[in-house]
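Coordinates from input-v1.txt are shown below (compact mmCIF, N, CA and C atoms and all ligand atoms).
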```
# COMPACT_ATOMS: atom_id res chain seq x y z
N MET A 1 -30.40 -20.99 6.96
CA MET A 1 -29.76 -21.52 5.75
C MET A 1 -28.49 -20.73 5.43
N SER A 2 -28.53 -19.42 5.63
CA SER A 2 -27.35 -18.63 5.29
C SER A 2 -26.19 -18.97 6.24
N ASP A 3 -26.52 -19.30 7.50
CA ASP A 3 -25.48 -19.71 8.45
C ASP A 3 -24.83 -21.01 7.99
N LEU A 4 -25.69 -21.91 7.58
CA LEU A 4 -25.23 -23.21 7.11
C LEU A 4 -24.31 -23.01 5.90
N ARG A 5 -24.73 -22.11 5.03
CA ARG A 5 -23.94 -21.84 3.84
C ARG A 5 -22.57 -21.27 4.22
N GLY A 6 -22.56 -20.40 5.24
CA GLY A 6 -21.30 -19.84 5.70
C GLY A 6 -20.37 -20.91 6.22
N LEU A 7 -20.97 -21.85 6.94
CA LEU A 7 -20.21 -22.96 7.50
C LEU A 7 -19.63 -23.82 6.37
N TYR A 8 -20.45 -24.09 5.38
CA TYR A 8 -20.01 -24.87 4.22
C TYR A 8 -18.84 -24.17 3.55
N GLN A 9 -18.98 -22.84 3.39
CA GLN A 9 -17.94 -22.08 2.71
C GLN A 9 -16.63 -22.15 3.48
N GLU A 10 -16.75 -22.06 4.81
CA GLU A 10 -15.55 -22.14 5.64
C GLU A 10 -14.83 -23.46 5.46
N MET A 11 -15.61 -24.54 5.39
CA MET A 11 -15.00 -25.86 5.26
C MET A 11 -14.30 -25.99 3.90
N ILE A 12 -14.93 -25.45 2.87
CA ILE A 12 -14.32 -25.51 1.54
C ILE A 12 -13.01 -24.70 1.51
N ILE A 13 -13.04 -23.52 2.13
CA ILE A 13 -11.83 -22.69 2.18
C ILE A 13 -10.73 -23.38 2.97
N ASP A 14 -11.11 -23.97 4.09
CA ASP A 14 -10.15 -24.68 4.94
C ASP A 14 -9.48 -25.81 4.16
N HIS A 15 -10.29 -26.62 3.47
CA HIS A 15 -9.73 -27.76 2.73
C HIS A 15 -8.95 -27.33 1.51
N SER A 16 -9.29 -26.16 0.94
CA SER A 16 -8.53 -25.72 -0.23
C SER A 16 -7.18 -25.15 0.19
N LYS A 17 -7.13 -24.57 1.40
CA LYS A 17 -5.86 -24.02 1.88
C LYS A 17 -4.97 -25.06 2.51
N ARG A 18 -5.60 -26.04 3.18
CA ARG A 18 -4.82 -27.09 3.84
C ARG A 18 -5.38 -28.44 3.41
N PRO A 19 -5.16 -28.80 2.14
CA PRO A 19 -5.74 -30.05 1.65
C PRO A 19 -5.21 -31.27 2.40
N ARG A 20 -6.11 -32.18 2.73
CA ARG A 20 -5.73 -33.41 3.43
C ARG A 20 -5.25 -34.45 2.41
N ASN A 21 -4.35 -35.31 2.86
CA ASN A 21 -3.83 -36.40 2.01
C ASN A 21 -3.22 -35.86 0.71
N PHE A 22 -2.61 -34.68 0.82
CA PHE A 22 -1.99 -34.05 -0.36
C PHE A 22 -0.58 -34.60 -0.52
N ARG A 23 -0.49 -35.77 -1.12
CA ARG A 23 0.82 -36.42 -1.28
C ARG A 23 0.70 -37.53 -2.31
N ALA A 24 1.83 -37.82 -2.94
CA ALA A 24 1.90 -38.98 -3.82
C ALA A 24 2.11 -40.21 -2.95
N LEU A 25 1.52 -41.33 -3.32
CA LEU A 25 1.74 -42.57 -2.58
C LEU A 25 2.83 -43.36 -3.29
N ALA A 26 3.91 -43.62 -2.56
CA ALA A 26 5.02 -44.35 -3.16
C ALA A 26 4.59 -45.78 -3.52
N ASP A 27 3.65 -46.31 -2.75
CA ASP A 27 3.23 -47.70 -2.99
C ASP A 27 1.83 -47.78 -3.62
N ALA A 28 1.49 -46.76 -4.39
CA ALA A 28 0.17 -46.74 -5.05
C ALA A 28 0.04 -47.92 -6.01
N THR A 29 -1.14 -48.50 -6.06
CA THR A 29 -1.40 -49.57 -7.03
C THR A 29 -2.18 -49.02 -8.23
N ARG A 30 -2.80 -47.86 -8.05
CA ARG A 30 -3.52 -47.20 -9.14
C ARG A 30 -3.21 -45.72 -9.11
N LYS A 31 -3.18 -45.14 -10.31
CA LYS A 31 -2.91 -43.72 -10.42
C LYS A 31 -3.69 -43.21 -11.62
N ALA A 32 -4.29 -42.06 -11.50
CA ALA A 32 -4.98 -41.47 -12.65
C ALA A 32 -4.84 -39.96 -12.59
N GLU A 33 -4.89 -39.36 -13.78
CA GLU A 33 -4.80 -37.91 -13.85
C GLU A 33 -6.11 -37.36 -14.37
N GLY A 34 -6.46 -36.19 -13.85
CA GLY A 34 -7.69 -35.54 -14.29
C GLY A 34 -7.42 -34.10 -14.68
N TYR A 35 -8.20 -33.61 -15.63
CA TYR A 35 -8.02 -32.24 -16.11
C TYR A 35 -9.38 -31.65 -16.44
N ASN A 36 -9.60 -30.47 -15.95
CA ASN A 36 -10.84 -29.75 -16.25
C ASN A 36 -10.49 -28.52 -17.08
N PRO A 37 -10.64 -28.63 -18.41
CA PRO A 37 -10.18 -27.54 -19.29
C PRO A 37 -10.96 -26.23 -19.09
N LEU A 38 -12.16 -26.31 -18.57
CA LEU A 38 -12.96 -25.10 -18.38
C LEU A 38 -12.35 -24.16 -17.35
N CYS A 39 -11.68 -24.76 -16.37
CA CYS A 39 -11.16 -23.97 -15.25
C CYS A 39 -9.65 -24.07 -15.15
N GLY A 40 -9.09 -25.13 -15.75
CA GLY A 40 -7.65 -25.34 -15.68
C GLY A 40 -7.22 -26.20 -14.50
N ASP A 41 -8.19 -26.82 -13.83
CA ASP A 41 -7.87 -27.68 -12.67
C ASP A 41 -7.18 -28.95 -13.13
N ARG A 42 -6.12 -29.31 -12.42
CA ARG A 42 -5.41 -30.56 -12.70
C ARG A 42 -5.24 -31.34 -11.41
N ILE A 43 -5.37 -32.65 -11.51
CA ILE A 43 -5.22 -33.48 -10.32
C ILE A 43 -4.61 -34.81 -10.70
N THR A 44 -3.76 -35.31 -9.83
CA THR A 44 -3.28 -36.68 -9.95
C THR A 44 -3.72 -37.40 -8.68
N LEU A 45 -4.39 -38.51 -8.86
CA LEU A 45 -4.94 -39.25 -7.73
C LEU A 45 -4.21 -40.59 -7.61
N TYR A 46 -3.85 -40.93 -6.39
CA TYR A 46 -3.15 -42.17 -6.11
C TYR A 46 -4.00 -43.05 -5.22
N LEU A 47 -4.10 -44.31 -5.58
CA LEU A 47 -4.84 -45.25 -4.74
C LEU A 47 -3.94 -46.43 -4.40
N LYS A 48 -4.09 -46.88 -3.16
CA LYS A 48 -3.47 -48.16 -2.81
C LYS A 48 -4.63 -49.10 -2.50
N MET A 49 -4.85 -50.02 -3.41
CA MET A 49 -5.94 -50.97 -3.25
C MET A 49 -5.44 -52.23 -2.55
N GLU A 50 -6.25 -52.72 -1.63
CA GLU A 50 -6.01 -54.05 -1.06
C GLU A 50 -7.26 -54.85 -1.37
N GLY A 51 -7.17 -55.65 -2.40
CA GLY A 51 -8.37 -56.32 -2.90
C GLY A 51 -9.34 -55.26 -3.40
N GLU A 52 -10.54 -55.25 -2.86
CA GLU A 52 -11.57 -54.30 -3.29
C GLU A 52 -11.62 -53.07 -2.38
N ARG A 53 -10.68 -53.00 -1.44
CA ARG A 53 -10.72 -51.91 -0.47
C ARG A 53 -9.67 -50.85 -0.77
N ILE A 54 -10.06 -49.59 -0.56
CA ILE A 54 -9.12 -48.48 -0.73
C ILE A 54 -8.34 -48.33 0.58
N ALA A 55 -7.14 -48.90 0.62
CA ALA A 55 -6.36 -48.90 1.86
C ALA A 55 -5.75 -47.53 2.10
N ASP A 56 -5.37 -46.86 1.03
CA ASP A 56 -4.80 -45.52 1.19
C ASP A 56 -5.08 -44.73 -0.08
N ILE A 57 -5.09 -43.41 0.09
CA ILE A 57 -5.44 -42.55 -1.03
C ILE A 57 -4.76 -41.19 -0.84
N GLY A 58 -4.28 -40.63 -1.92
CA GLY A 58 -3.66 -39.32 -1.85
C GLY A 58 -3.81 -38.61 -3.19
N PHE A 59 -3.55 -37.31 -3.18
CA PHE A 59 -3.64 -36.59 -4.45
C PHE A 59 -2.65 -35.44 -4.48
N GLN A 60 -2.35 -35.02 -5.69
CA GLN A 60 -1.56 -33.81 -5.90
C GLN A 60 -2.18 -33.06 -7.06
N GLY A 61 -1.87 -31.80 -7.17
CA GLY A 61 -2.42 -31.07 -8.29
C GLY A 61 -2.54 -29.60 -7.97
N ALA A 62 -3.08 -28.88 -8.94
CA ALA A 62 -3.29 -27.46 -8.78
C ALA A 62 -4.61 -27.09 -9.43
N GLY A 63 -5.38 -26.30 -8.73
CA GLY A 63 -6.66 -25.90 -9.28
C GLY A 63 -7.32 -24.88 -8.40
N CYS A 64 -8.57 -24.61 -8.67
CA CYS A 64 -9.31 -23.62 -7.90
C CYS A 64 -9.68 -24.19 -6.53
N ALA A 65 -10.20 -23.34 -5.68
CA ALA A 65 -10.54 -23.74 -4.31
C ALA A 65 -11.53 -24.90 -4.30
N ILE A 66 -12.51 -24.87 -5.18
CA ILE A 66 -13.54 -25.93 -5.18
C ILE A 66 -12.93 -27.27 -5.57
N SER A 67 -12.10 -27.29 -6.60
CA SER A 67 -11.54 -28.58 -7.04
C SER A 67 -10.59 -29.14 -6.00
N THR A 68 -9.80 -28.28 -5.37
CA THR A 68 -8.85 -28.75 -4.35
C THR A 68 -9.60 -29.25 -3.12
N ALA A 69 -10.59 -28.49 -2.68
CA ALA A 69 -11.36 -28.89 -1.49
C ALA A 69 -12.12 -30.17 -1.77
N SER A 70 -12.63 -30.31 -2.97
CA SER A 70 -13.38 -31.51 -3.32
C SER A 70 -12.49 -32.74 -3.28
N ALA A 71 -11.28 -32.61 -3.84
CA ALA A 71 -10.32 -33.73 -3.82
C ALA A 71 -9.93 -34.07 -2.38
N SER A 72 -9.71 -33.03 -1.59
CA SER A 72 -9.32 -33.24 -0.20
C SER A 72 -10.41 -33.99 0.58
N LEU A 73 -11.64 -33.54 0.43
CA LEU A 73 -12.75 -34.18 1.15
C LEU A 73 -13.02 -35.58 0.61
N LEU A 74 -12.80 -35.76 -0.68
CA LEU A 74 -12.95 -37.09 -1.27
C LEU A 74 -11.99 -38.09 -0.61
N THR A 75 -10.72 -37.67 -0.47
CA THR A 75 -9.74 -38.60 0.11
C THR A 75 -10.11 -38.94 1.55
N GLU A 76 -10.62 -37.94 2.29
CA GLU A 76 -11.04 -38.22 3.66
C GLU A 76 -12.21 -39.20 3.70
N ALA A 77 -13.14 -39.00 2.78
CA ALA A 77 -14.36 -39.81 2.80
C ALA A 77 -14.10 -41.25 2.36
N LEU A 78 -13.10 -41.45 1.50
CA LEU A 78 -12.97 -42.76 0.85
C LEU A 78 -11.92 -43.69 1.44
N LYS A 79 -11.06 -43.15 2.29
CA LYS A 79 -10.03 -44.01 2.86
C LYS A 79 -10.68 -45.14 3.66
N GLY A 80 -10.33 -46.36 3.32
CA GLY A 80 -10.88 -47.51 4.02
C GLY A 80 -12.18 -48.05 3.43
N LYS A 81 -12.72 -47.32 2.46
CA LYS A 81 -14.00 -47.75 1.86
C LYS A 81 -13.75 -48.79 0.77
N SER A 82 -14.79 -49.56 0.48
CA SER A 82 -14.69 -50.52 -0.62
C SER A 82 -14.95 -49.80 -1.93
N ARG A 83 -14.56 -50.47 -2.99
CA ARG A 83 -14.79 -49.94 -4.32
C ARG A 83 -16.29 -49.68 -4.56
N ALA A 84 -17.14 -50.60 -4.13
CA ALA A 84 -18.59 -50.45 -4.33
C ALA A 84 -19.12 -49.25 -3.55
N GLU A 85 -18.62 -49.07 -2.34
CA GLU A 85 -19.04 -47.91 -1.53
C GLU A 85 -18.60 -46.61 -2.20
N ALA A 86 -17.39 -46.61 -2.75
CA ALA A 86 -16.87 -45.42 -3.43
C ALA A 86 -17.74 -45.07 -4.63
N GLU A 87 -18.14 -46.08 -5.39
CA GLU A 87 -18.96 -45.84 -6.58
C GLU A 87 -20.34 -45.32 -6.19
N LYS A 88 -20.86 -45.83 -5.08
CA LYS A 88 -22.17 -45.36 -4.61
C LYS A 88 -22.09 -43.89 -4.17
N LEU A 89 -21.01 -43.56 -3.49
CA LEU A 89 -20.84 -42.17 -3.05
C LEU A 89 -20.70 -41.23 -4.25
N PHE A 90 -20.02 -41.69 -5.27
CA PHE A 90 -19.86 -40.87 -6.48
C PHE A 90 -21.23 -40.57 -7.09
N THR A 91 -22.06 -41.59 -7.17
CA THR A 91 -23.41 -41.41 -7.72
C THR A 91 -24.19 -40.39 -6.90
N GLU A 92 -24.11 -40.50 -5.58
CA GLU A 92 -24.83 -39.58 -4.70
C GLU A 92 -24.26 -38.17 -4.80
N PHE A 93 -22.94 -38.09 -4.84
CA PHE A 93 -22.28 -36.78 -4.91
C PHE A 93 -22.65 -36.08 -6.22
N HIS A 94 -22.64 -36.84 -7.29
CA HIS A 94 -22.97 -36.27 -8.60
C HIS A 94 -24.41 -35.75 -8.61
N ALA A 95 -25.32 -36.52 -8.02
CA ALA A 95 -26.72 -36.10 -7.96
C ALA A 95 -26.86 -34.83 -7.13
N LEU A 96 -26.06 -34.72 -6.07
CA LEU A 96 -26.12 -33.55 -5.19
C LEU A 96 -25.65 -32.28 -5.92
N VAL A 97 -24.49 -32.36 -6.55
CA VAL A 97 -23.92 -31.14 -7.15
C VAL A 97 -24.60 -30.75 -8.46
N THR A 98 -25.34 -31.68 -9.05
CA THR A 98 -26.08 -31.32 -10.25
C THR A 98 -27.53 -30.98 -9.91
N GLY A 99 -27.84 -30.94 -8.61
CA GLY A 99 -29.16 -30.49 -8.18
C GLY A 99 -30.27 -31.52 -8.36
N LYS A 100 -29.88 -32.78 -8.59
CA LYS A 100 -30.90 -33.82 -8.78
C LYS A 100 -31.45 -34.32 -7.45
N THR A 101 -30.70 -34.06 -6.38
CA THR A 101 -31.19 -34.40 -5.05
C THR A 101 -30.58 -33.41 -4.06
N ASP A 102 -31.27 -33.13 -2.98
CA ASP A 102 -30.63 -32.36 -1.93
C ASP A 102 -30.58 -33.20 -0.65
N ASP A 103 -30.79 -34.50 -0.85
CA ASP A 103 -30.78 -35.41 0.29
C ASP A 103 -29.33 -35.78 0.63
N GLY A 104 -28.77 -36.70 -0.11
CA GLY A 104 -27.37 -37.08 0.09
C GLY A 104 -27.07 -37.48 1.52
N ALA A 105 -27.97 -38.24 2.11
CA ALA A 105 -27.87 -38.58 3.53
C ALA A 105 -26.54 -39.24 3.89
N GLU A 106 -25.99 -39.99 2.96
CA GLU A 106 -24.78 -40.75 3.27
C GLU A 106 -23.51 -39.96 2.96
N LEU A 107 -23.67 -38.75 2.47
CA LEU A 107 -22.50 -38.01 2.00
C LEU A 107 -21.71 -37.36 3.13
N GLY A 108 -22.34 -37.15 4.28
CA GLY A 108 -21.61 -36.53 5.39
C GLY A 108 -21.09 -35.17 5.01
N LYS A 109 -19.78 -34.97 5.27
CA LYS A 109 -19.15 -33.67 5.01
C LYS A 109 -19.23 -33.26 3.54
N LEU A 110 -19.34 -34.25 2.67
CA LEU A 110 -19.36 -33.94 1.23
C LEU A 110 -20.56 -33.07 0.86
N LYS A 111 -21.53 -33.00 1.76
CA LYS A 111 -22.71 -32.17 1.50
C LYS A 111 -22.36 -30.69 1.40
N VAL A 112 -21.16 -30.31 1.83
CA VAL A 112 -20.77 -28.90 1.74
C VAL A 112 -20.81 -28.41 0.29
N PHE A 113 -20.81 -29.36 -0.66
CA PHE A 113 -20.81 -28.95 -2.06
C PHE A 113 -22.21 -28.80 -2.65
N SER A 114 -23.23 -28.88 -1.81
CA SER A 114 -24.60 -28.79 -2.34
C SER A 114 -24.84 -27.45 -3.05
N GLY A 115 -24.20 -26.38 -2.55
CA GLY A 115 -24.39 -25.06 -3.16
C GLY A 115 -23.86 -24.96 -4.58
N VAL A 116 -22.99 -25.90 -4.94
CA VAL A 116 -22.38 -25.88 -6.27
C VAL A 116 -23.43 -26.04 -7.38
N SER A 117 -24.53 -26.70 -7.04
CA SER A 117 -25.57 -26.95 -8.06
C SER A 117 -26.13 -25.65 -8.63
N GLU A 118 -25.94 -24.55 -7.90
CA GLU A 118 -26.43 -23.26 -8.40
C GLU A 118 -25.46 -22.64 -9.41
N PHE A 119 -24.27 -23.22 -9.52
CA PHE A 119 -23.25 -22.68 -10.42
C PHE A 119 -22.76 -23.79 -11.36
N PRO A 120 -23.49 -24.00 -12.46
CA PRO A 120 -23.19 -25.14 -13.34
C PRO A 120 -21.73 -25.24 -13.76
N ILE A 121 -21.08 -24.12 -13.96
CA ILE A 121 -19.69 -24.19 -14.43
C ILE A 121 -18.77 -24.74 -13.34
N ARG A 122 -19.21 -24.61 -12.09
CA ARG A 122 -18.42 -25.11 -10.96
C ARG A 122 -18.61 -26.60 -10.71
N VAL A 123 -19.65 -27.16 -11.32
CA VAL A 123 -19.91 -28.59 -11.12
C VAL A 123 -18.71 -29.40 -11.59
N LYS A 124 -18.09 -28.97 -12.69
CA LYS A 124 -16.93 -29.71 -13.22
C LYS A 124 -15.74 -29.63 -12.27
N CYS A 125 -15.63 -28.51 -11.57
CA CYS A 125 -14.56 -28.37 -10.58
C CYS A 125 -14.78 -29.35 -9.43
N ALA A 126 -16.04 -29.42 -9.00
CA ALA A 126 -16.36 -30.26 -7.84
C ALA A 126 -16.30 -31.74 -8.16
N THR A 127 -16.55 -32.10 -9.42
CA THR A 127 -16.59 -33.53 -9.76
C THR A 127 -15.29 -34.05 -10.36
N LEU A 128 -14.34 -33.16 -10.64
CA LEU A 128 -13.09 -33.61 -11.29
C LEU A 128 -12.42 -34.76 -10.52
N ALA A 129 -12.26 -34.57 -9.22
CA ALA A 129 -11.58 -35.61 -8.42
C ALA A 129 -12.35 -36.93 -8.48
N TRP A 130 -13.68 -36.82 -8.57
CA TRP A 130 -14.51 -38.04 -8.59
C TRP A 130 -14.40 -38.77 -9.92
N HIS A 131 -14.38 -38.00 -11.01
CA HIS A 131 -14.19 -38.64 -12.32
C HIS A 131 -12.81 -39.31 -12.38
N THR A 132 -11.84 -38.63 -11.78
CA THR A 132 -10.48 -39.17 -11.77
C THR A 132 -10.44 -40.45 -10.94
N LEU A 133 -11.15 -40.43 -9.83
CA LEU A 133 -11.24 -41.62 -8.97
C LEU A 133 -11.82 -42.80 -9.75
N LYS A 134 -12.91 -42.52 -10.46
CA LYS A 134 -13.58 -43.58 -11.21
C LYS A 134 -12.61 -44.18 -12.22
N ASN A 135 -11.85 -43.31 -12.88
CA ASN A 135 -10.87 -43.78 -13.85
C ASN A 135 -9.79 -44.62 -13.19
N ALA A 136 -9.35 -44.17 -12.03
CA ALA A 136 -8.32 -44.91 -11.31
C ALA A 136 -8.85 -46.30 -10.94
N LEU A 137 -10.09 -46.35 -10.48
CA LEU A 137 -10.68 -47.63 -10.08
C LEU A 137 -10.84 -48.56 -11.28
N GLU A 138 -11.10 -47.94 -12.44
CA GLU A 138 -11.32 -48.75 -13.64
C GLU A 138 -10.01 -49.01 -14.38
N GLY A 139 -8.91 -48.46 -13.84
CA GLY A 139 -7.61 -48.74 -14.43
C GLY A 139 -7.22 -47.83 -15.57
N GLY A 140 -8.00 -46.76 -15.78
CA GLY A 140 -7.67 -45.81 -16.85
C GLY A 140 -6.58 -44.85 -16.40
N GLU A 141 -6.11 -44.04 -17.29
CA GLU A 141 -5.01 -43.15 -16.97
C GLU A 141 -5.43 -41.71 -16.83
N THR A 142 -6.30 -41.25 -17.72
CA THR A 142 -6.62 -39.82 -17.74
C THR A 142 -8.13 -39.60 -17.74
N ALA A 143 -8.55 -38.70 -16.89
CA ALA A 143 -9.96 -38.32 -16.86
C ALA A 143 -10.08 -36.86 -17.25
N THR A 144 -10.99 -36.55 -18.11
CA THR A 144 -11.26 -35.17 -18.44
C THR A 144 -12.75 -34.94 -18.26
N THR A 145 -13.10 -33.91 -17.51
CA THR A 145 -14.53 -33.65 -17.35
C THR A 145 -15.03 -33.02 -18.65
N GLU A 146 -16.22 -33.43 -19.04
CA GLU A 146 -16.74 -32.93 -20.32
C GLU A 146 -17.57 -31.70 -20.13
ZN ZN A 201 -12.07 -25.17 -10.92
```

Rewrite the coordinates I just gave you, this time as structure tokens.
Amino acid sequence: MSDLRGLYQEMIIDHSKRPRNFRALADATRKAEGYNPLCGDRITLYLKMEGERIADIGFQGAGCAISTASASLLTEALKGKSRAEAEKLFTEFHALVTGKTDDGAELGKLKVFSGVSEFPIRVKCATLAWHTLKNALEGGETATTE
């Protein structure tokens, strides 16, 4: 388990240092901003929707390693997915990081955040990008984690 945890940590560090899809989309059809006042994490998420499908996704922002890595892995996981699939993943991800499940079979790489459930204050960092995504999908402008 400790090896696995080390591997998870490496992936989080890698994604926080070299975030994937870290860019504004010039042709975005949805955009939302998120802010986590507890930690100071800020994110702007861009979506290009084609019907119900997320054709492209990108983000910009500044925050701690967990929030940046979470946003980066989110963009990797959701590109090409449907809105319904994205919402299902959010539900699973939320259950994982809040310790309600340790299964998360469909989460793939996103499972690296399972350790976050041991640090309640970090849950908001890990879920910020997801709350922002939900807002973007629903057409809202600003997401703030409570
Ligand atoms: Zn944070």

Can you pull out every residue within 6 Å of range 22-26 of chain A, counting only N, CA and C atoms, but drop anything in the same chain fewer than 3 positions away, and send it as an mmCIF file with N, CA and C atoms, in the frame of the given file?
```cif
data_model
loop_
_atom_site.group_PDB
_atom_site.id
_atom_site.type_symbol
_atom_site.label_atom_id
_atom_site.label_comp_id
_atom_site.auth_asym_id
_atom_site.auth_seq_id
_atom_site.Cartn_x
_atom_site.Cartn_y
_atom_site.Cartn_z
ATOM 1 N N PRO A 19 -5.160 -28.800 2.140
ATOM 2 C CA PRO A 19 -5.740 -30.050 1.650
ATOM 3 C C PRO A 19 -5.210 -31.270 2.400
ATOM 4 N N TYR A 46 -3.850 -40.930 -6.390
ATOM 5 C CA TYR A 46 -3.150 -42.170 -6.110
ATOM 6 C C TYR A 46 -4.000 -43.050 -5.220
ATOM 7 N N GLY A 58 -4.280 -40.630 -1.920
ATOM 8 C CA GLY A 58 -3.660 -39.320 -1.850
ATOM 9 C C GLY A 58 -3.810 -38.610 -3.190
ATOM 10 N N PHE A 59 -3.550 -37.310 -3.180
ATOM 11 C CA PHE A 59 -3.640 -36.590 -4.450
ATOM 12 C C PHE A 59 -2.650 -35.440 -4.480
ATOM 13 N N GLN A 60 -2.350 -35.020 -5.690
ATOM 14 C CA GLN A 60 -1.560 -33.810 -5.900
ATOM 15 C C GLN A 60 -2.180 -33.060 -7.060
#
```

Determine, counting only N, CA and C atoms, which protein, DNA and RNA residues have an atom within 8 Å of an atom of Gly99 in chain A; residues of the same chain fewer than 2 positions away are not included. Present the result as a compact mmCIF listing (two decimals) with N, CA and C atoms, in the frame of the given file.
```
# COMPACT_ATOMS: atom_id res chain seq x y z
N PHE A 93 -22.94 -38.09 -4.84
CA PHE A 93 -22.28 -36.78 -4.91
C PHE A 93 -22.65 -36.08 -6.22
N HIS A 94 -22.64 -36.84 -7.29
CA HIS A 94 -22.97 -36.27 -8.60
C HIS A 94 -24.41 -35.75 -8.61
N ALA A 95 -25.32 -36.52 -8.02
CA ALA A 95 -26.72 -36.10 -7.96
C ALA A 95 -26.86 -34.83 -7.13
N LEU A 96 -26.06 -34.72 -6.07
CA LEU A 96 -26.12 -33.55 -5.19
C LEU A 96 -25.65 -32.28 -5.92
N VAL A 97 -24.49 -32.36 -6.55
CA VAL A 97 -23.92 -31.14 -7.15
C VAL A 97 -24.60 -30.75 -8.46
N THR A 101 -30.70 -34.06 -6.38
CA THR A 101 -31.19 -34.40 -5.05
C THR A 101 -30.58 -33.41 -4.06
N ASP A 102 -31.27 -33.13 -2.98
CA ASP A 102 -30.63 -32.36 -1.93
C ASP A 102 -30.58 -33.20 -0.65
N SER A 114 -23.23 -28.88 -1.81
CA SER A 114 -24.60 -28.79 -2.34
C SER A 114 -24.84 -27.45 -3.05
N VAL A 116 -22.99 -25.90 -4.94
CA VAL A 116 -22.38 -25.88 -6.27
C VAL A 116 -23.43 -26.04 -7.38
N SER A 117 -24.53 -26.70 -7.04
CA SER A 117 -25.57 -26.95 -8.06
C SER A 117 -26.13 -25.65 -8.63
N GLU A 118 -25.94 -24.55 -7.90
CA GLU A 118 -26.43 -23.26 -8.40
C GLU A 118 -25.46 -22.64 -9.41
```

Among the residues A:Leu45, A:Leu110, A:Ala86, A:Ala77, the one that comes closest to Glu33 in chain A [using only N, CA and C atoms]: A:Leu45

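Distances to Ala84 in chain A were evaluated for A:Met11, A:Ile57, A:Leu137, A:Ala32 using only C-alpha atoms, and the minimum falls at A:Leu137.
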
Counting only C-alpha atoms and all ligand atoms, which residues of chain A sit at most 6 Å from some atom of ligand ZN 201 (chain A), and what is each one's closest atom pair with its distance in Å to one decimal, listed by chain and rising residue number, as JSON lines?
```
{"residue": "A:Cys39", "atom": "CA", "partner": "A:ZN201", "partner_atom": "ZN", "distance": 4.6}
{"residue": "A:Asp41", "atom": "CA", "partner": "A:ZN201", "partner_atom": "ZN", "distance": 5.2}
{"residue": "A:Gly63", "atom": "CA", "partner": "A:ZN201", "partner_atom": "ZN", "distance": 5.7}
{"residue": "A:Cys64", "atom": "CA", "partner": "A:ZN201", "partner_atom": "ZN", "distance": 4.4}
{"residue": "A:Ile66", "atom": "CA", "partner": "A:ZN201", "partner_atom": "ZN", "distance": 6.0}
{"residue": "A:Ser67", "atom": "CA", "partner": "A:ZN201", "partner_atom": "ZN", "distance": 5.2}
{"residue": "A:Cys125", "atom": "CA", "partner": "A:ZN201", "partner_atom": "ZN", "distance": 4.1}
```

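Atom pair CA of Arg42 in chain A / CA of Thr68 in chain A has a distance of 9.2 Å (rounded to one decimal).
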
Chain A: residues DSSP assigns to helix (DSSP H, G or I), reported as an NGL selection string: :A and (2-17 or 65-78 or 83-97 or 108-118 or 120-138)

Option closest in space to Ile13 in chain A, from A:Leu107, A:Leu89, A:Leu74, A:Ala65 [counting all atoms listed in the file]: A:Ala65

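Each of A:Arg20, A:Arg5, A:Arg83, A:Leu38 was checked against Gly51 in chain A using all atoms listed in the file; the smallest atom-to-atom distance is that of A:Arg83.
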
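The space separating CA of Ile54 in chain A from atom C of Ala126 in chain A comes to 19.7 Å.
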
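Residue nearest Met49 in chain A within the list A:Thr75, A:Lys17, A:Ala129, A:Ser82: A:Ser82 [criterion: smallest interatomic distance, only C-alpha atoms].
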
Atom N of Gly104 in chain A to CA of Glu92 in chain A, straight-line distance in Å: 6.7 Å

Backbone DSSP call of strand (DSSP E) for range 23-112 of chain A, listed as a PyMOL selection string: chain A and resi 30-36+41-50+53-62

Nearest to Gly34 in chain A by atom-to-atom distance, counting only N, CA and C atoms, from A:Leu133, A:Ile12, A:Leu47, A:Leu78: A:Leu133

What are the centre and edge lengths in Å, to one decimal, of the axis-aligned box around all listed atoms of range 91-108 of chain A with 3 Å added on each side, as AutoDock Vina command-line options?
```
--center_x -26.3 --center_y -36.0 --center_z -2.4 --size_x 16.4 --size_y 17.1 --size_z 21.6
```

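Excluding Leu7 in chain A and any residue on its chain fewer than 6 positions from it, the residues at most 12 Å away by only C-alpha atoms are A:Met1, A:Ile13, A:Asp14, A:Lys109, A:Lys111, A:Val112, A:Phe113, A:Gly115.
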